[in-house]
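Chemist: upload-v2.txt is the file, holding compact mmCIF, C-alpha atoms:
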# COMPACT_ATOMS: atom_id res chain seq x y z
CA MET A 212 122.59 95.07 88.79
CA SER A 213 119.91 93.56 91.01
CA THR A 214 118.16 90.40 89.92
CA ILE A 215 114.87 89.18 91.28
CA GLN A 216 116.85 86.64 93.30
CA THR A 217 119.07 89.24 94.97
CA THR A 218 116.09 91.54 95.56
CA THR A 219 114.16 88.70 97.20
CA ASP A 220 117.17 87.85 99.36
CA GLU A 221 117.49 91.47 100.46
CA VAL A 222 113.80 91.71 101.32
CA LEU A 223 114.05 88.56 103.42
CA ARG A 224 117.13 89.92 105.18
CA LEU A 225 115.45 93.28 105.87
CA ALA A 226 112.36 91.57 107.28
CA SER A 227 114.46 89.20 109.37
CA GLU A 228 116.55 92.00 110.86
CA HIS A 229 113.73 94.38 111.56
CA PHE A 230 111.14 91.96 112.87
CA LYS A 231 113.68 89.73 114.66
CA VAL A 232 112.76 86.53 112.86
CA PRO A 233 115.68 84.20 112.03
CA LEU A 234 116.49 84.44 108.33
CA GLU A 235 116.55 80.66 107.94
CA LYS A 236 112.89 80.58 108.99
CA LEU A 237 111.81 82.84 106.11
CA SER A 238 111.26 81.75 102.53
CA PRO A 239 110.12 83.65 99.40
CA ASP A 240 106.65 82.12 99.34
CA ASP A 241 105.85 82.82 102.97
CA ASP A 242 102.90 85.04 103.84
CA PHE A 243 104.78 87.88 105.51
CA PHE A 244 101.83 88.98 107.62
CA LYS A 245 101.61 85.55 109.20
CA LYS A 246 105.30 84.72 109.27
CA LEU A 247 106.37 88.05 110.74
CA GLY A 248 103.22 88.40 112.84
CA ILE A 249 102.71 91.98 111.68
CA ASN A 250 99.65 94.20 111.45
CA SER A 251 98.85 96.88 108.90
CA LEU A 252 100.82 99.60 110.69
CA GLN A 253 103.89 97.39 110.87
CA ALA A 254 103.44 96.61 107.19
CA LEU A 255 103.71 100.34 106.52
CA ASP A 256 106.89 100.34 108.54
CA LEU A 257 108.25 97.54 106.34
CA LEU A 258 107.26 99.51 103.25
CA THR A 259 109.19 102.55 104.48
CA ARG A 260 112.28 100.43 105.19
CA ILE A 261 112.03 98.90 101.72
CA GLU A 262 111.77 102.34 100.09
CA GLN A 263 114.77 103.58 102.05
CA HIS A 264 116.88 100.48 101.41
CA PHE A 265 116.22 100.25 97.69
CA ARG A 266 115.91 104.04 97.23
CA ILE A 267 112.59 103.69 95.44
CA GLU A 268 109.03 104.89 95.79
CA LEU A 269 106.55 102.05 96.07
CA PRO A 270 102.95 103.27 96.19
CA ASP A 271 101.07 101.24 98.74
CA TYR A 272 98.23 100.55 96.32
CA GLU A 273 100.68 98.40 94.37
CA LEU A 274 100.95 96.20 97.42
CA GLN A 275 97.26 95.55 97.81
CA GLY A 276 96.73 91.83 97.77
CA VAL A 277 100.45 91.17 98.05
CA SER A 278 101.28 89.02 101.04
CA ASP A 279 104.27 86.90 100.03
CA PHE A 280 107.91 87.97 99.86
CA ARG A 281 108.38 86.80 96.27
CA THR A 282 105.61 89.01 94.86
CA LEU A 283 106.77 91.88 97.06
CA ALA A 284 110.27 91.48 95.58
CA GLU A 285 108.78 91.53 92.08
CA ARG A 286 107.02 94.82 92.82
CA ILE A 287 110.29 96.26 94.10
CA GLN A 288 112.23 94.92 91.11
CA SER A 289 109.86 96.72 88.74
CA ARG A 290 110.90 100.02 90.35
CA LEU A 291 114.67 99.48 90.28
CA MET B 238 96.44 126.46 132.80
CA LYS B 239 100.19 125.97 132.34
CA SER B 240 99.87 122.23 132.25
CA PHE B 241 97.11 119.75 131.67
CA ARG B 242 96.81 115.98 131.50
CA GLY B 243 93.62 114.69 129.95
CA GLU B 244 92.26 111.46 128.58
CA THR B 245 93.69 111.93 125.07
CA LEU B 246 96.40 114.57 125.33
CA SER B 247 98.47 116.67 127.66
CA TRP B 248 100.33 119.93 127.52
CA GLN B 249 102.95 121.68 129.53
CA MET B 250 105.01 124.82 129.25
CA ALA B 251 108.75 124.95 129.79
CA ASP B 252 111.42 127.44 128.71
CA GLY B 253 108.98 129.40 126.59
CA VAL B 254 107.80 126.34 124.68
CA ILE B 255 104.37 124.75 124.92
CA GLU B 256 104.48 121.02 124.27
CA LEU B 257 101.19 119.45 123.29
CA VAL B 258 101.43 115.65 123.35
CA LEU B 259 98.80 113.36 121.87
CA ASP B 260 98.40 110.10 123.75
CA HIS B 261 95.26 108.19 122.95
CA PRO B 262 95.44 104.53 121.88
CA PRO B 263 95.67 102.99 119.42
CA CYS B 264 97.07 105.85 117.33
CA ASN B 265 95.51 109.14 118.51
CA GLU B 266 92.37 108.80 116.41
CA ILE B 267 90.50 112.10 116.67
CA GLY B 268 87.00 111.68 118.04
CA SER B 269 84.82 113.67 120.41
CA ALA B 270 87.12 113.18 123.42
CA THR B 271 90.21 114.46 121.58
CA LEU B 272 88.24 117.33 120.07
CA ALA B 273 86.96 118.41 123.49
CA GLU B 274 90.51 118.43 124.86
CA LEU B 275 91.86 120.26 121.82
CA GLU B 276 89.17 122.89 122.44
CA LYS B 277 90.33 123.10 126.03
CA PHE B 278 93.86 123.62 124.72
CA THR B 279 92.93 126.39 122.30
CA ALA B 280 90.91 128.09 125.05
CA ALA B 281 94.03 128.05 127.23
CA LEU B 282 96.32 129.15 124.40
CA ASP B 283 95.63 132.88 124.79
CA ALA B 284 97.07 132.84 128.28
CA LEU B 285 99.84 130.36 127.47
CA GLN B 286 101.23 132.22 124.47
CA LYS B 287 101.96 135.37 126.48
CA ASP B 288 104.98 133.66 127.98
CA CYS B 289 105.93 131.47 125.04
CA HIS B 290 107.49 131.71 121.62
CA ALA B 291 106.87 128.19 120.27
CA LEU B 292 104.45 125.30 120.28
CA ILE B 293 105.47 121.71 119.58
CA ILE B 294 102.84 119.10 118.81
CA SER B 295 103.95 115.47 119.09
CA SER B 296 102.66 112.01 119.90
CA HIS B 297 103.48 109.65 122.71
CA ARG B 298 102.13 106.65 120.78
CA THR B 299 104.75 104.37 119.25
CA GLU B 300 102.47 103.63 116.28
CA GLY B 301 102.65 107.16 114.99
CA PHE B 302 101.63 110.78 115.21
CA CYS B 303 97.93 110.34 114.47
CA ALA B 304 95.90 107.97 112.31
CA GLY B 305 93.22 110.60 111.63
CA ALA B 306 89.57 110.85 112.51
CA ASP B 307 88.06 108.18 114.72
CA LEU B 308 86.04 106.52 111.97
CA ARG B 309 84.51 103.97 114.30
CA GLU B 310 83.10 106.71 116.49
CA LEU B 311 82.01 108.69 113.44
CA TYR B 312 80.16 105.67 112.08
CA HIS B 313 78.46 104.69 115.33
CA ARG B 314 77.52 108.24 116.34
CA SER B 315 76.16 108.92 112.91
CA ARG B 316 74.13 105.70 112.91
CA ALA B 317 72.67 106.62 116.28
CA LEU B 318 71.13 109.78 114.79
CA PRO B 319 68.05 109.87 112.56
CA PRO B 320 69.17 110.21 108.91
CA ALA B 321 67.92 113.80 108.70
CA LYS B 322 70.14 114.84 111.60
CA ARG B 323 73.32 113.02 110.56
CA VAL B 324 74.74 115.78 108.38
CA ALA B 325 74.06 118.41 111.04
CA GLY B 326 75.88 116.23 113.56
CA VAL B 327 78.93 115.75 111.38
CA ARG B 328 78.96 119.41 110.33
CA ASP B 329 78.99 120.48 113.96
CA PHE B 330 81.98 118.21 114.64
CA VAL B 331 83.89 119.40 111.57
CA GLU B 332 83.20 123.08 112.23
CA ARG B 333 84.41 122.69 115.80
CA ILE B 334 87.64 121.10 114.62
CA HIS B 335 88.08 123.88 112.05
CA ARG B 336 87.84 126.45 114.84
CA VAL B 337 90.54 124.58 116.74
CA GLY B 338 92.65 124.31 113.60
CA ASN B 339 92.30 127.98 112.69
CA THR B 340 93.33 129.02 116.19
CA ILE B 341 96.48 126.89 116.12
CA ASP B 342 97.25 127.91 112.54
CA ALA B 343 97.05 131.61 113.44
CA ALA B 344 98.72 131.37 116.85
CA PRO B 345 101.40 134.06 117.33
CA LEU B 346 103.95 131.36 118.04
CA THR B 347 106.29 129.34 115.88
CA THR B 348 104.45 126.05 115.69
CA ILE B 349 106.26 122.78 115.02
CA ALA B 350 104.79 119.34 114.39
CA ALA B 351 107.21 116.60 115.50
CA VAL B 352 105.85 113.57 113.67
CA HIS B 353 106.67 109.89 113.35
CA GLY B 354 105.02 106.78 111.96
CA VAL B 355 101.44 107.00 110.80
CA THR B 356 100.44 110.60 110.00
CA PHE B 357 97.23 109.98 108.12
CA GLY B 358 94.09 111.92 107.35
CA GLY B 359 93.22 114.15 110.29
CA GLY B 360 96.70 113.52 111.68
CA PHE B 361 98.24 114.87 108.49
CA GLU B 362 95.86 117.83 108.73
CA LEU B 363 96.96 118.48 112.31
CA ALA B 364 100.60 118.57 111.17
CA LEU B 365 99.67 120.94 108.33
CA LEU B 366 98.44 123.49 110.86
CA CYS B 367 102.01 123.97 112.00
CA ASP B 368 104.61 126.33 110.58
CA LEU B 369 107.24 123.59 110.43
CA ILE B 370 107.06 119.82 110.21
CA VAL B 371 109.96 117.83 111.64
CA ALA B 372 109.60 114.20 110.62
CA ASP B 373 111.22 111.03 111.90
CA LYS B 374 112.49 109.08 108.87
CA MET B 375 109.83 106.39 109.47
CA THR B 376 106.91 108.84 109.08
CA ARG B 377 104.28 108.19 106.43
CA PHE B 378 101.83 110.84 105.28
CA CYS B 379 98.55 109.97 103.60
CA PHE B 380 95.10 111.27 102.76
CA PRO B 381 93.06 108.05 102.50
CA GLU B 382 89.63 109.74 102.65
CA LEU B 383 88.60 109.13 99.03
CA ARG B 384 88.48 105.41 99.68
CA LEU B 385 85.50 106.16 101.95
CA GLY B 386 83.86 108.38 99.37
CA LEU B 387 84.90 111.49 101.26
CA ILE B 388 87.47 114.25 101.13
CA PRO B 389 89.67 115.40 104.00
CA SER B 390 87.59 117.64 106.24
CA PHE B 391 89.87 119.08 108.90
CA GLY B 392 91.28 121.71 106.55
CA GLY B 393 93.79 119.44 104.83
CA ILE B 394 93.24 120.29 101.18
CA PRO B 395 93.56 124.11 101.40
CA ARG B 396 96.48 123.84 103.81
CA LEU B 397 98.34 121.27 101.73
CA ARG B 398 97.76 123.46 98.67
CA ARG B 399 99.13 126.41 100.61
CA ASP B 400 102.39 124.52 101.17
CA VAL B 401 103.02 122.47 98.01
CA GLY B 402 102.13 122.43 94.33
CA ASN B 403 98.65 121.53 93.17
CA GLY B 404 100.03 118.50 91.31
CA VAL B 405 101.23 117.05 94.60
CA VAL B 406 97.85 117.72 96.21
CA ARG B 407 96.11 115.88 93.36
CA ASP B 408 98.55 112.97 93.57
CA LEU B 409 98.07 112.47 97.31
CA LEU B 410 94.36 113.11 97.28
CA LEU B 411 93.29 111.26 94.15
CA THR B 412 95.49 108.18 94.60
CA GLY B 413 95.26 108.00 98.39
CA ARG B 414 98.83 106.72 98.45
CA SER B 415 101.10 107.31 101.39
CA ILE B 416 104.52 108.92 101.09
CA ASN B 417 107.55 108.64 103.34
CA ALA B 418 109.40 111.45 105.10
CA SER B 419 112.13 111.79 102.45
CA LYS B 420 109.56 112.22 99.70
CA ALA B 421 107.64 114.68 101.90
CA GLN B 422 110.83 116.68 102.35
CA ALA B 423 111.59 116.55 98.62
CA ILE B 424 108.19 118.10 97.80
CA GLY B 425 108.66 120.86 100.37
CA LEU B 426 106.25 119.64 103.00
CA VAL B 427 108.71 118.60 105.67
CA SER B 428 111.45 120.95 106.81
CA GLN B 429 113.69 118.41 108.54
CA VAL B 430 113.97 114.61 108.49
CA THR B 431 115.47 113.01 111.57
CA ALA B 432 116.73 109.62 112.70
CA GLU B 433 114.18 107.25 114.19
CA GLY B 434 112.88 108.53 117.51
CA ASP B 435 114.63 111.88 117.15
CA ALA B 436 111.87 114.18 115.85
CA LEU B 437 110.95 115.64 119.22
CA ARG B 438 114.58 116.36 120.11
CA VAL B 439 115.09 118.15 116.80
CA ALA B 440 111.80 120.05 117.23
CA ARG B 441 112.98 121.22 120.65
CA ALA B 442 116.31 122.35 119.19
CA THR B 443 114.40 124.22 116.48
CA ALA B 444 112.16 125.85 119.10
CA ALA B 445 115.29 126.98 120.97
CA GLN B 446 116.67 128.48 117.75
CA VAL B 447 113.53 130.48 116.94
CA ALA B 448 113.56 131.92 120.47
CA LYS B 449 116.64 133.93 119.47
CA PHE B 450 114.64 136.21 117.19
CA ASP B 451 112.50 139.19 118.09
CA ARG B 452 109.03 137.85 118.67
CA ASP B 453 107.10 140.69 117.04
CA THR B 454 109.19 140.29 113.89
CA THR B 455 108.54 136.55 113.86
CA ILE B 456 104.80 137.12 114.27
CA ALA B 457 104.79 139.69 111.44
CA ALA B 458 106.75 137.33 109.17
CA LYS B 459 104.43 134.44 109.91
CA LYS B 460 101.34 136.52 109.25
CA PHE B 461 102.81 137.64 105.93
CA ILE B 462 103.93 134.24 104.63
CA LYS B 463 101.27 131.93 106.07
CA PRO B 464 97.83 133.32 105.25
CA ILE B 465 94.90 131.22 106.36
CA PRO B 466 92.71 130.20 103.39
CA TYR B 467 89.40 130.79 105.20
CA GLU B 468 87.22 130.75 102.10
CA GLU B 469 88.58 127.43 100.85
CA LEU B 470 88.36 125.96 104.33
CA GLU B 471 84.65 126.76 104.41
CA GLN B 472 84.21 125.27 100.94
CA GLU B 473 85.92 122.10 102.13
CA VAL B 474 83.40 121.74 104.97
CA ASP B 475 80.49 122.23 102.54
CA ILE B 476 81.82 119.67 100.05
CA PHE B 477 82.51 117.17 102.83
CA CYS B 478 79.00 117.55 104.25
CA ASP B 479 77.42 117.19 100.79
CA LEU B 480 79.39 114.01 100.17
CA PHE B 481 78.60 112.64 103.62
CA THR B 482 74.91 112.27 102.80
CA ARG B 483 75.53 109.69 100.09
CA PRO B 484 74.84 106.00 100.83
CA ALA B 485 78.30 105.11 99.47
CA VAL B 486 79.87 106.86 102.45
CA GLU B 487 77.91 104.90 105.01
CA ALA B 488 78.82 101.73 103.14
CA GLY B 489 82.49 102.75 103.08
CA LEU B 490 82.53 103.54 106.79
CA ARG B 491 80.75 100.29 107.60
CA LYS B 492 83.26 98.37 105.50
CA PHE B 493 86.13 100.01 107.39
CA VAL B 494 84.58 99.46 110.81
CA GLU B 495 83.78 95.82 110.10
CA SER B 496 86.97 95.11 108.18
CA THR B 497 89.13 92.18 109.15
CA ASP B 498 91.46 93.02 106.26
CA ALA B 499 95.12 92.88 107.19
CA LEU B 500 95.55 96.34 105.69
CA PRO B 501 92.56 98.43 106.80
CA TYR B 502 94.68 101.58 106.92
CA LEU B 503 95.83 101.24 103.35
CA PRO B 504 93.77 102.78 100.58
Output the file's structure in the form of structure tokens.

Modeler:
Amino acid sequence: MSTIQTTTDEVLRLASEHFKVPLEKLSPDDDFFKKLGINSLQALDLLTRIEQHFRIELPDYELQGVSDFRTLAERIQSRL
Amino acid sequence: MKSFRGETLSWQMADGVIELVLDHPPCNEIGSATLAELEKFTAALDALQKDCHALIISSHRTEGFCAGADLRELYHRSRALPPAKRVAGVRDFVERIHRVGNTIDAAPLTTIAAVHGVTFGGGFELALLCDLIVADKMTRFCFPELRLGLIPSFGGIPRLRRDVGNGVVRDLLLTGRSINASKAQAIGLVSQVTAEGDALRVARATAAQVAKFDRDTTIAAKKFIKPIPYEELEQEVDIFCDLFTRPAVEAGLRKFVESTDALPYLP
């Protein structure tokens, strides 16, 4: 069963792999827009990868105002 | 005109298939230039379809299929008109795009949208014109119009209702949320989901398959199972134009145009 810690770790790994940012340079409290250097369209891309990886539906309105990996992981966790 | 390369799109015919490719940065936003070239395409379609059995619509932009109407152009063009003439201006644009849409919808061809990435608003409506939607697994579909105080106006509501249950239409319209390709397939909107970057290849394979059938039979079947909801389409235009006059819409468009938000595309 996933815990918030494992979910956060998986989100960081997904972001690292897809946006080619070394995993060791990412931490849960990072602003993912700034750290990954992504725009809104790339954020949608990340959302799709998250939905596919975790096999969940995550309405994008739940992500409004969310910019750090930890809160993103919490939103995912609430759908698992 | 068997092939055309314009400012916003191109088309060519090969092996009985017309391929219409959108290519207008950043993400094929539909403004007056795209509309004019779509009108050129539909004018050419009569001659093209004599030698063809299928039409594939796709995008050359990596960002996606189409992000919808060009809201920046809509805002600035509308602002340039005296208030009394703004609705007439927007109605003219919407009615022109409906004529384009109705022509593609009714074309005696098997029409396939090969979509990827952002397929929002008017882009979603363009895909809904087609008989089949083949979606790359990274596609996202969305009707974000309500956030601007508007409804979709390129025929999206009646055509989505034609294809899926009314509950799904309400969900997408009233929440403005986007859905991925798998969800879109689960609700019956998308016929095939492909690997990343593979939608066009699969659409071409599908076009080759439909070529095996008698064309007159295919046309008869399409006419029978895909009626065009003309009355609802006209109602959609009227509702859109009524809503467009409200100050909240201008404020919503201005907010979008001036937004520095990291997520301007999200509702």

Chemist: Pull the neighbourhood of (115.9, 91.7, 100.3) for me: all residues within 9 Å in file coordinates, counting all atoms listed in the file, as a ChimeraX atom specification.

Modeler: /A:216-226,261,264-265,280,284

Chemist: Can you build me a table of chain A residues sitting at most 12 Å from chain B, with the closest atom pair per residue and its distance in Å to one decimal, using only C-alpha atoms, sorted by chain and residue number, as JSON lines?

Modeler:
{"residue": "A:Asp242", "atom": "CA", "partner": "B:Ala499", "partner_atom": "CA", "distance": 11.5}
{"residue": "A:Phe243", "atom": "CA", "partner": "B:Ala499", "partner_atom": "CA", "distance": 11.0}
{"residue": "A:Phe244", "atom": "CA", "partner": "B:Ala499", "partner_atom": "CA", "distance": 7.8}
{"residue": "A:Lys245", "atom": "CA", "partner": "B:Ala499", "partner_atom": "CA", "distance": 10.0}
{"residue": "A:Gly248", "atom": "CA", "partner": "B:Ala499", "partner_atom": "CA", "distance": 10.8}
{"residue": "A:Ile249", "atom": "CA", "partner": "B:Ala499", "partner_atom": "CA", "distance": 8.9}
{"residue": "A:Asn250", "atom": "CA", "partner": "B:Ala499", "partner_atom": "CA", "distance": 6.4}
{"residue": "A:Ser251", "atom": "CA", "partner": "B:Leu500", "partner_atom": "CA", "distance": 4.6}
{"residue": "A:Leu252", "atom": "CA", "partner": "B:Glu300", "partner_atom": "CA", "distance": 7.1}
{"residue": "A:Gln253", "atom": "CA", "partner": "B:Glu300", "partner_atom": "CA", "distance": 8.4}
{"residue": "A:Ala254", "atom": "CA", "partner": "B:Leu500", "partner_atom": "CA", "distance": 8.0}
{"residue": "A:Leu255", "atom": "CA", "partner": "B:Arg377", "partner_atom": "CA", "distance": 7.9}
{"residue": "A:Asp256", "atom": "CA", "partner": "B:Met375", "partner_atom": "CA", "distance": 6.8}
{"residue": "A:Leu257", "atom": "CA", "partner": "B:Met375", "partner_atom": "CA", "distance": 9.5}
{"residue": "A:Leu258", "atom": "CA", "partner": "B:Asn417", "partner_atom": "CA", "distance": 9.1}
{"residue": "A:Thr259", "atom": "CA", "partner": "B:Met375", "partner_atom": "CA", "distance": 6.3}
{"residue": "A:Arg260", "atom": "CA", "partner": "B:Met375", "partner_atom": "CA", "distance": 7.7}
{"residue": "A:Ile261", "atom": "CA", "partner": "B:Asn417", "partner_atom": "CA", "distance": 10.8}
{"residue": "A:Glu262", "atom": "CA", "partner": "B:Asn417", "partner_atom": "CA", "distance": 8.2}
{"residue": "A:Gln263", "atom": "CA", "partner": "B:Ser419", "partner_atom": "CA", "distance": 8.6}
{"residue": "A:Arg266", "atom": "CA", "partner": "B:Ser419", "partner_atom": "CA", "distance": 10.1}
{"residue": "A:Ile267", "atom": "CA", "partner": "B:Lys420", "partner_atom": "CA", "distance": 10.0}
{"residue": "A:Glu268", "atom": "CA", "partner": "B:Ile416", "partner_atom": "CA", "distance": 8.0}
{"residue": "A:Leu269", "atom": "CA", "partner": "B:Ile416", "partner_atom": "CA", "distance": 8.7}
{"residue": "A:Pro270", "atom": "CA", "partner": "B:Arg414", "partner_atom": "CA", "distance": 5.8}
{"residue": "A:Asp271", "atom": "CA", "partner": "B:Arg414", "partner_atom": "CA", "distance": 5.9}
{"residue": "A:Tyr272", "atom": "CA", "partner": "B:Arg414", "partner_atom": "CA", "distance": 6.6}
{"residue": "A:Glu273", "atom": "CA", "partner": "B:Arg414", "partner_atom": "CA", "distance": 9.4}
{"residue": "A:Leu274", "atom": "CA", "partner": "B:Leu503", "partner_atom": "CA", "distance": 9.3}
{"residue": "A:Gln275", "atom": "CA", "partner": "B:Leu503", "partner_atom": "CA", "distance": 8.1}
{"residue": "A:Gly276", "atom": "CA", "partner": "B:Leu500", "partner_atom": "CA", "distance": 9.2}
{"residue": "A:Val277", "atom": "CA", "partner": "B:Leu500", "partner_atom": "CA", "distance": 10.4}
{"residue": "A:Ser278", "atom": "CA", "partner": "B:Ala499", "partner_atom": "CA", "distance": 9.5}

Chemist: How many Å lie between atom CA of Lys277 of chain B and atom CA of Phe378 of chain B, rounded to one decimal?

Modeler: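 Calculated distance between atom CA of Lys277 of chain B and atom CA of Phe378 of chain B is 26.7 Å.
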
Chemist: One decimal, in Å: what's the spacing between atom CA of Pro320 of chain B and atom CA of Phe481 of chain B?

Modeler: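 Value for the atom CA of Pro320 of chain B-atom CA of Phe481 of chain B distance: 11.1 Å.
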
Chemist: So which residues touch segment 293-299 of chain B within 10 Å, counting only C-alpha atoms, skipping near sequence neighbours fewer than 3 positions away, as a PyMOL selection string?

Modeler: chain B and resi 246-248+254-265+302-303+346-355+363-364+367+369-371+434+436-437+440-441+443-444

Chemist: Any chance you can output those residues with C-alpha atoms as a compact mmCIF listing (two decimals), in the coordinates of the input?

Modeler:
# COMPACT_ATOMS: atom_id res chain seq x y z
CA LEU B 246 96.40 114.57 125.33
CA SER B 247 98.47 116.67 127.66
CA TRP B 248 100.33 119.93 127.52
CA VAL B 254 107.80 126.34 124.68
CA ILE B 255 104.37 124.75 124.92
CA GLU B 256 104.48 121.02 124.27
CA LEU B 257 101.19 119.45 123.29
CA VAL B 258 101.43 115.65 123.35
CA LEU B 259 98.80 113.36 121.87
CA ASP B 260 98.40 110.10 123.75
CA HIS B 261 95.26 108.19 122.95
CA PRO B 262 95.44 104.53 121.88
CA PRO B 263 95.67 102.99 119.42
CA CYS B 264 97.07 105.85 117.33
CA ASN B 265 95.51 109.14 118.51
CA PHE B 302 101.63 110.78 115.21
CA CYS B 303 97.93 110.34 114.47
CA LEU B 346 103.95 131.36 118.04
CA THR B 347 106.29 129.34 115.88
CA THR B 348 104.45 126.05 115.69
CA ILE B 349 106.26 122.78 115.02
CA ALA B 350 104.79 119.34 114.39
CA ALA B 351 107.21 116.60 115.50
CA VAL B 352 105.85 113.57 113.67
CA HIS B 353 106.67 109.89 113.35
CA GLY B 354 105.02 106.78 111.96
CA VAL B 355 101.44 107.00 110.80
CA LEU B 363 96.96 118.48 112.31
CA ALA B 364 100.60 118.57 111.17
CA CYS B 367 102.01 123.97 112.00
CA LEU B 369 107.24 123.59 110.43
CA ILE B 370 107.06 119.82 110.21
CA VAL B 371 109.96 117.83 111.64
CA GLY B 434 112.88 108.53 117.51
CA ALA B 436 111.87 114.18 115.85
CA LEU B 437 110.95 115.64 119.22
CA ALA B 440 111.80 120.05 117.23
CA ARG B 441 112.98 121.22 120.65
CA THR B 443 114.40 124.22 116.48
CA ALA B 444 112.16 125.85 119.10

Chemist: Do you have the atom CA of Phe477 of chain B-atom CA of Asp368 of chain B distance handy?

Modeler: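 About the pair atom CA of Phe477 of chain B and atom CA of Asp368 of chain B: they are 25.1 Å apart.
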
Chemist: Calculate, to one decimal in Å, the centre and edge lengths of the box along x, y and z of the file that holds all listed atoms of segment 271-284 of chain A with 4 Å of margin on each side, and present them as AutoDock Vina command-line options.

Modeler:
--center_x 103.5 --center_y 94.0 --center_z 97.7 --size_x 21.5 --size_y 22.4 --size_z 14.7

Chemist: Would you output segment 424-429 of chain B from that structure, restricted to all heavy atoms, as a PDB file, in the first residue's frame?

Modeler:
ATOM      1  N   ILE B 424     -15.201   6.515 -22.124  1.00  0.00           N
ATOM      2  CA  ILE B 424     -16.549   7.086 -22.236  1.00  0.00           C
ATOM      3  C   ILE B 424     -17.086   7.015 -23.670  1.00  0.00           C
ATOM      4  O   ILE B 424     -18.174   7.502 -23.957  1.00  0.00           O
ATOM      5  CB  ILE B 424     -16.598   8.550 -21.732  1.00  0.00           C
ATOM      6  CG1 ILE B 424     -15.678   9.458 -22.555  1.00  0.00           C
ATOM      7  CG2 ILE B 424     -16.269   8.612 -20.251  1.00  0.00           C
ATOM      8  CD1 ILE B 424     -15.753  10.926 -22.191  1.00  0.00           C
ATOM      9  N   GLY B 425     -16.304   6.434 -24.565  1.00  0.00           N
ATOM     10  CA  GLY B 425     -16.796   6.217 -25.930  1.00  0.00           C
ATOM     11  C   GLY B 425     -16.485   7.325 -26.913  1.00  0.00           C
ATOM     12  O   GLY B 425     -16.993   7.337 -28.029  1.00  0.00           O
ATOM     13  N   LEU B 426     -15.643   8.247 -26.507  1.00  0.00           N
ATOM     14  CA  LEU B 426     -15.325   9.379 -27.377  1.00  0.00           C
ATOM     15  C   LEU B 426     -14.214   9.044 -28.373  1.00  0.00           C
ATOM     16  O   LEU B 426     -14.262   9.437 -29.541  1.00  0.00           O
ATOM     17  CB  LEU B 426     -14.900  10.554 -26.479  1.00  0.00           C
ATOM     18  CG  LEU B 426     -14.534  11.860 -27.130  1.00  0.00           C
ATOM     19  CD1 LEU B 426     -15.761  12.472 -27.780  1.00  0.00           C
ATOM     20  CD2 LEU B 426     -13.977  12.822 -26.080  1.00  0.00           C
ATOM     21  N   VAL B 427     -13.229   8.338 -27.865  1.00  0.00           N
ATOM     22  CA  VAL B 427     -12.047   8.007 -28.670  1.00  0.00           C
ATOM     23  C   VAL B 427     -12.153   6.559 -29.113  1.00  0.00           C
ATOM     24  O   VAL B 427     -12.498   5.679 -28.318  1.00  0.00           O
ATOM     25  CB  VAL B 427     -10.770   8.232 -27.820  1.00  0.00           C
ATOM     26  CG1 VAL B 427      -9.578   7.473 -28.360  1.00  0.00           C
ATOM     27  CG2 VAL B 427     -10.458   9.719 -27.735  1.00  0.00           C
ATOM     28  N   SER B 428     -11.845   6.300 -30.383  1.00  0.00           N
ATOM     29  CA  SER B 428     -11.952   4.914 -30.841  1.00  0.00           C
ATOM     30  C   SER B 428     -10.667   4.129 -30.599  1.00  0.00           C
ATOM     31  O   SER B 428     -10.719   2.937 -30.317  1.00  0.00           O
ATOM     32  CB  SER B 428     -12.363   4.856 -32.308  1.00  0.00           C
ATOM     33  OG  SER B 428     -11.475   5.564 -33.102  1.00  0.00           O
ATOM     34  N   GLN B 429      -9.515   4.795 -30.720  1.00  0.00           N
ATOM     35  CA  GLN B 429      -8.258   4.078 -30.480  1.00  0.00           C
ATOM     36  C   GLN B 429      -7.274   4.985 -29.747  1.00  0.00           C
ATOM     37  O   GLN B 429      -7.133   6.159 -30.087  1.00  0.00           O
ATOM     38  CB  GLN B 429      -7.622   3.649 -31.805  1.00  0.00           C
ATOM     39  CG  GLN B 429      -8.473   2.665 -32.604  1.00  0.00           C
ATOM     40  CD  GLN B 429      -7.778   2.244 -33.888  1.00  0.00           C
ATOM     41  OE1 GLN B 429      -6.708   1.649 -33.876  1.00  0.00           O
ATOM     42  NE2 GLN B 429      -8.387   2.545 -35.011  1.00  0.00           N
TER      43      GLN B 429
END
